[in-house]
file upload_4.pdb (PDB, C-alpha atoms)
ATOM      1  CA  MET A   1       1.748 -14.429   1.611
ATOM      2  CA  LEU A   2       1.378 -11.602   4.091
ATOM      3  CA  LEU A   3      -0.270 -12.386   7.440
ATOM      4  CA  HIS A   4      -1.915  -9.606   9.442
ATOM      5  CA  VAL A   5      -2.410 -10.340  13.138
ATOM      6  CA  PRO A   6      -4.749  -8.022  15.068
ATOM      7  CA  GLY A   7      -2.818  -5.816  17.474
ATOM      8  CA  ILE A   8       0.408  -5.954  15.470
ATOM      9  CA  SER A   9       1.257  -2.941  13.328
ATOM     10  CA  ARG A  10       3.104  -4.813  10.565
ATOM     11  CA  GLY A  11       2.222  -7.834   8.517
ATOM     12  CA  LEU A  12       4.306 -10.991   8.719
ATOM     13  CA  ARG A  13       5.547 -12.351   5.392
ATOM     14  CA  LEU A  14       5.232 -16.125   5.410
ATOM     15  CA  PRO A  15       7.361 -18.403   3.284
ATOM     16  CA  THR A  16       5.360 -20.467   0.825
ATOM     17  CA  ARG A  17       6.102 -23.421  -1.364
ATOM     18  CA  ARG A  18       4.765 -23.916  -4.854
ATOM     19  CA  PRO A  19       2.388 -26.827  -3.991
ATOM     20  CA  TRP A  20       0.757 -24.730  -1.248
ATOM     21  CA  THR A  21       0.442 -21.699  -3.523
ATOM     22  CA  GLU A  22      -1.119 -23.856  -6.255
ATOM     23  CA  LEU A  23      -3.554 -25.400  -3.751
ATOM     24  CA  VAL A  24      -4.711 -21.975  -2.551
ATOM     25  CA  ALA A  25      -5.066 -20.756  -6.136
ATOM     26  CA  ARG A  26      -7.107 -23.840  -7.052
ATOM     27  CA  ASN A  27      -9.402 -23.701  -3.990
ATOM     28  CA  ALA A  28      -9.419 -19.890  -3.599
ATOM     29  CA  GLU A  29      -8.759 -20.187   0.160
ATOM     30  CA  ALA A  30      -6.742 -21.885   2.879
ATOM     31  CA  VAL A  31      -7.119 -22.217   6.638
ATOM     32  CA  LEU A  32      -4.116 -21.031   8.652
ATOM     33  CA  LEU A  33      -3.058 -22.034  12.145
ATOM     34  CA  LEU A  34      -0.409 -19.939  13.850
ATOM     35  CA  GLY A  35       1.179 -21.377  16.965
ATOM     36  CA  LEU A  36       2.648 -18.737  19.226
ATOM     37  CA  ASP A  37       5.335 -21.026  20.628
ATOM     38  CA  PRO A  38       8.304 -22.455  18.709
ATOM     39  CA  LEU A  39       8.086 -25.853  17.029
ATOM     40  CA  PRO A  40      11.123 -27.358  15.297
ATOM     41  CA  GLN A  41      10.826 -27.892  11.553
ATOM     42  CA  SER A  42      11.996 -31.451  12.208
ATOM     43  CA  ALA A  43       8.928 -32.247  14.355
ATOM     44  CA  ASP A  44       7.161 -35.448  13.337
ATOM     45  CA  ALA A  45       3.372 -35.848  13.116
ATOM     46  CA  ALA A  46       3.031 -37.018  16.732
ATOM     47  CA  ARG A  47       4.962 -33.997  18.001
ATOM     48  CA  VAL A  48       2.844 -31.645  15.881
ATOM     49  CA  ASP A  49      -0.347 -33.200  17.310
ATOM     50  CA  THR A  50       0.965 -32.786  20.869
ATOM     51  CA  TYR A  51       1.967 -29.206  20.108
ATOM     52  CA  LEU A  52      -1.460 -28.353  18.661
ATOM     53  CA  ASP A  53      -3.276 -29.887  21.652
ATOM     54  CA  ALA A  54      -1.104 -27.958  24.137
ATOM     55  CA  ALA A  55      -1.283 -24.685  22.178
ATOM     56  CA  LEU A  56      -5.065 -24.907  21.896
ATOM     57  CA  ALA A  57      -5.476 -25.664  25.615
ATOM     58  CA  ALA A  58      -3.205 -22.731  26.533
ATOM     59  CA  ASP A  59      -4.919 -20.335  24.079
ATOM     60  CA  ARG A  60      -1.630 -20.023  22.149
ATOM     61  CA  LEU A  61      -3.036 -20.877  18.736
ATOM     62  CA  LEU A  62      -4.472 -18.368  16.264
ATOM     63  CA  PHE A  63      -6.782 -19.359  13.430
ATOM     64  CA  GLY A  64      -7.309 -17.567  10.170
ATOM     65  CA  ARG A  65      -8.280 -17.921   6.552
ATOM     66  CA  ALA A  66      -6.463 -16.826   3.433
ATOM     67  CA  ARG A  67      -8.493 -16.058   0.323
ATOM     68  CA  THR A  68      -7.562 -15.142  -3.188
ATOM     69  CA  ARG A  69      -9.526 -12.534  -5.072
TER      70      ARG A  69
END
call {"tool": "encode", "arguments": {"input": "upload_4.pdb", "output": "structure tokens"}}
result
Amino acid sequence: MLLHVPGISRGLRLPTRRPWTELVARNAEAVLLLGLDPLPQSADAARVDTYLDAALAADRLLFGRARTR
């Protein structure tokens, strides 16, 4: 998957896993959230919720949608 962010000249290639790719193919789209601050891969659900709340309040969260053709 290649993510294009307005104001950035190059796309960002995102790693994907097979279940996510299959889900997007089946539903023809996916909603993406991009946090602009680091979050450890080891973060549990509570930490992710806290991160999302803080990122949204600080306007550090981008939203987007991926569609297949």
call {"tool": "residues_around", "arguments": {"input": "upload_4.pdb", "residues": "Leu39 in chain A", "least_positions_apart": "3", "cutoff": "9 Å", "atoms": "only C-alpha atoms", "output": "PyMOL selection string"}}
result
chain A and resi 35+42-43+47-48+51
call {"tool": "closest_residue", "arguments": {"input": "upload_4.pdb", "among": "A:Arg17, A:Glu22, A:Leu32, A:Arg10", "to": "Leu62 in chain A", "atoms": "all atoms listed in the file"}}
result
A:Leu32
call {"tool": "resolve_selection", "arguments": {"input": "upload_4.pdb", "expression": "the PyMOL selection byres ((chain A and resi 66) around 7)", "output": "list of chain:residue names"}}
result
A:Glu29, A:Ala30, A:Val31, A:Gly64, A:Arg65, A:Arg67, A:Thr68
call {"tool": "closest_residue", "arguments": {"input": "upload_4.pdb", "among": "A:Leu61, A:Asp53, A:Leu14, A:Val24", "to": "Asp37 in chain A", "atoms": "all atoms listed in the file"}}
result
A:Leu61
call {"tool": "atom_distance", "arguments": {"input": "upload_4.pdb", "atom1": "CA of Pro6 in chain A", "atom2": "CA of Phe63 in chain A"}}
result
11.6 Å
call {"tool": "atom_distance", "arguments": {"input": "upload_4.pdb", "atom1": "CA of Leu33 in chain A", "atom2": "CA of Ala55 in chain A"}}
result
10.5 Å
call {"tool": "atom_distance", "arguments": {"input": "upload_4.pdb", "atom1": "CA of Leu12 in chain A", "atom2": "CA of Arg60 in chain A"}}
result
17.2 Å
call {"tool": "resolve_selection", "arguments": {"input": "upload_4.pdb", "expression": "the PyMOL selection byres ((chain A and resi 2) around 7)", "output": "ChimeraX atom specification"}}
result
/A:1,3-4,11-14
call {"tool": "closest_residue", "arguments": {"input": "upload_4.pdb", "among": "A:Thr21, A:Ala46, A:Ile8, A:Leu36", "to": "Ala58 in chain A", "atoms": "all atoms listed in the file"}}
result
A:Leu36
call {"tool": "build_atoms", "arguments": {"input": "upload_4.pdb", "residues": "range 23-42 of chain A", "atoms": "N, CA, C and O atoms", "output": "PDB file, keeping the file's coordinate frame"}}
result
ATOM      1  N   LEU A  23      -2.354 -24.937  -4.446  1.00  0.00           N
ATOM      2  CA  LEU A  23      -3.554 -25.400  -3.751  1.00  0.00           C
ATOM      3  C   LEU A  23      -4.471 -24.230  -3.409  1.00  0.00           C
ATOM      4  O   LEU A  23      -5.679 -24.291  -3.642  1.00  0.00           O
ATOM      5  N   VAL A  24      -3.903 -23.156  -2.882  1.00  0.00           N
ATOM      6  CA  VAL A  24      -4.711 -21.975  -2.551  1.00  0.00           C
ATOM      7  C   VAL A  24      -5.317 -21.375  -3.815  1.00  0.00           C
ATOM      8  O   VAL A  24      -6.488 -21.013  -3.836  1.00  0.00           O
ATOM      9  N   ALA A  25      -4.542 -21.304  -4.881  1.00  0.00           N
ATOM     10  CA  ALA A  25      -5.066 -20.756  -6.136  1.00  0.00           C
ATOM     11  C   ALA A  25      -6.207 -21.617  -6.663  1.00  0.00           C
ATOM     12  O   ALA A  25      -7.210 -21.096  -7.157  1.00  0.00           O
ATOM     13  N   ARG A  26      -6.087 -22.922  -6.545  1.00  0.00           N
ATOM     14  CA  ARG A  26      -7.107 -23.840  -7.052  1.00  0.00           C
ATOM     15  C   ARG A  26      -8.384 -23.781  -6.217  1.00  0.00           C
ATOM     16  O   ARG A  26      -9.492 -23.812  -6.737  1.00  0.00           O
ATOM     17  N   ASN A  27      -8.242 -23.677  -4.889  1.00  0.00           N
ATOM     18  CA  ASN A  27      -9.402 -23.701  -3.990  1.00  0.00           C
ATOM     19  C   ASN A  27      -9.878 -22.320  -3.580  1.00  0.00           C
ATOM     20  O   ASN A  27     -10.910 -22.202  -2.925  1.00  0.00           O
ATOM     21  N   ALA A  28      -9.102 -21.283  -3.900  1.00  0.00           N
ATOM     22  CA  ALA A  28      -9.419 -19.890  -3.599  1.00  0.00           C
ATOM     23  C   ALA A  28      -9.334 -19.555  -2.113  1.00  0.00           C
ATOM     24  O   ALA A  28      -9.614 -18.429  -1.727  1.00  0.00           O
ATOM     25  N   GLU A  29      -8.948 -20.501  -1.251  1.00  0.00           N
ATOM     26  CA  GLU A  29      -8.759 -20.187   0.160  1.00  0.00           C
ATOM     27  C   GLU A  29      -7.975 -21.288   0.868  1.00  0.00           C
ATOM     28  O   GLU A  29      -7.838 -22.394   0.358  1.00  0.00           O
ATOM     29  N   ALA A  30      -7.456 -20.934   2.031  1.00  0.00           N
ATOM     30  CA  ALA A  30      -6.742 -21.885   2.879  1.00  0.00           C
ATOM     31  C   ALA A  30      -6.965 -21.496   4.328  1.00  0.00           C
ATOM     32  O   ALA A  30      -7.098 -20.308   4.645  1.00  0.00           O
ATOM     33  N   VAL A  31      -7.019 -22.466   5.204  1.00  0.00           N
ATOM     34  CA  VAL A  31      -7.119 -22.217   6.638  1.00  0.00           C
ATOM     35  C   VAL A  31      -5.701 -22.179   7.197  1.00  0.00           C
ATOM     36  O   VAL A  31      -4.873 -23.022   6.855  1.00  0.00           O
ATOM     37  N   LEU A  32      -5.436 -21.189   8.052  1.00  0.00           N
ATOM     38  CA  LEU A  32      -4.116 -21.031   8.652  1.00  0.00           C
ATOM     39  C   LEU A  32      -4.203 -21.227  10.157  1.00  0.00           C
ATOM     40  O   LEU A  32      -5.144 -20.756  10.794  1.00  0.00           O
ATOM     41  N   LEU A  33      -3.220 -21.908  10.698  1.00  0.00           N
ATOM     42  CA  LEU A  33      -3.058 -22.034  12.145  1.00  0.00           C
ATOM     43  C   LEU A  33      -1.701 -21.448  12.480  1.00  0.00           C
ATOM     44  O   LEU A  33      -0.701 -21.819  11.875  1.00  0.00           O
ATOM     45  N   LEU A  34      -1.664 -20.557  13.440  1.00  0.00           N
ATOM     46  CA  LEU A  34      -0.409 -19.939  13.850  1.00  0.00           C
ATOM     47  C   LEU A  34      -0.185 -20.240  15.318  1.00  0.00           C
ATOM     48  O   LEU A  34      -0.914 -19.761  16.183  1.00  0.00           O
ATOM     49  N   GLY A  35       0.802 -21.087  15.585  1.00  0.00           N
ATOM     50  CA  GLY A  35       1.179 -21.377  16.965  1.00  0.00           C
ATOM     51  C   GLY A  35       2.097 -20.294  17.470  1.00  0.00           C
ATOM     52  O   GLY A  35       3.004 -19.855  16.761  1.00  0.00           O
ATOM     53  N   LEU A  36       1.872 -19.839  18.677  1.00  0.00           N
ATOM     54  CA  LEU A  36       2.648 -18.737  19.226  1.00  0.00           C
ATOM     55  C   LEU A  36       3.909 -19.198  19.943  1.00  0.00           C
ATOM     56  O   LEU A  36       4.673 -18.365  20.432  1.00  0.00           O
ATOM     57  N   ASP A  37       4.133 -20.476  20.017  1.00  0.00           N
ATOM     58  CA  ASP A  37       5.335 -21.026  20.628  1.00  0.00           C
ATOM     59  C   ASP A  37       6.151 -21.749  19.561  1.00  0.00           C
ATOM     60  O   ASP A  37       5.593 -22.232  18.576  1.00  0.00           O
ATOM     61  N   PRO A  38       7.472 -21.824  19.741  1.00  0.00           N
ATOM     62  CA  PRO A  38       8.304 -22.455  18.709  1.00  0.00           C
ATOM     63  C   PRO A  38       8.033 -23.953  18.567  1.00  0.00           C
ATOM     64  O   PRO A  38       7.697 -24.631  19.534  1.00  0.00           O
ATOM     65  N   LEU A  39       8.188 -24.430  17.348  1.00  0.00           N
ATOM     66  CA  LEU A  39       8.086 -25.853  17.029  1.00  0.00           C
ATOM     67  C   LEU A  39       9.161 -26.144  15.996  1.00  0.00           C
ATOM     68  O   LEU A  39       9.189 -25.497  14.936  1.00  0.00           O
ATOM     69  N   PRO A  40      10.053 -27.082  16.263  1.00  0.00           N
ATOM     70  CA  PRO A  40      11.123 -27.358  15.297  1.00  0.00           C
ATOM     71  C   PRO A  40      10.574 -27.835  13.956  1.00  0.00           C
ATOM     72  O   PRO A  40       9.574 -28.545  13.904  1.00  0.00           O
ATOM     73  N   GLN A  41      11.231 -27.435  12.883  1.00  0.00           N
ATOM     74  CA  GLN A  41      10.826 -27.892  11.553  1.00  0.00           C
ATOM     75  C   GLN A  41      10.957 -29.400  11.430  1.00  0.00           C
ATOM     76  O   GLN A  41      10.297 -30.010  10.599  1.00  0.00           O
ATOM     77  N   SER A  42      11.777 -30.002  12.261  1.00  0.00           N
ATOM     78  CA  SER A  42      11.996 -31.451  12.208  1.00  0.00           C
ATOM     79  C   SER A  42      10.932 -32.241  12.976  1.00  0.00           C
ATOM     80  O   SER A  42      10.990 -33.469  13.012  1.00  0.00           O
TER      81      SER A  42
END
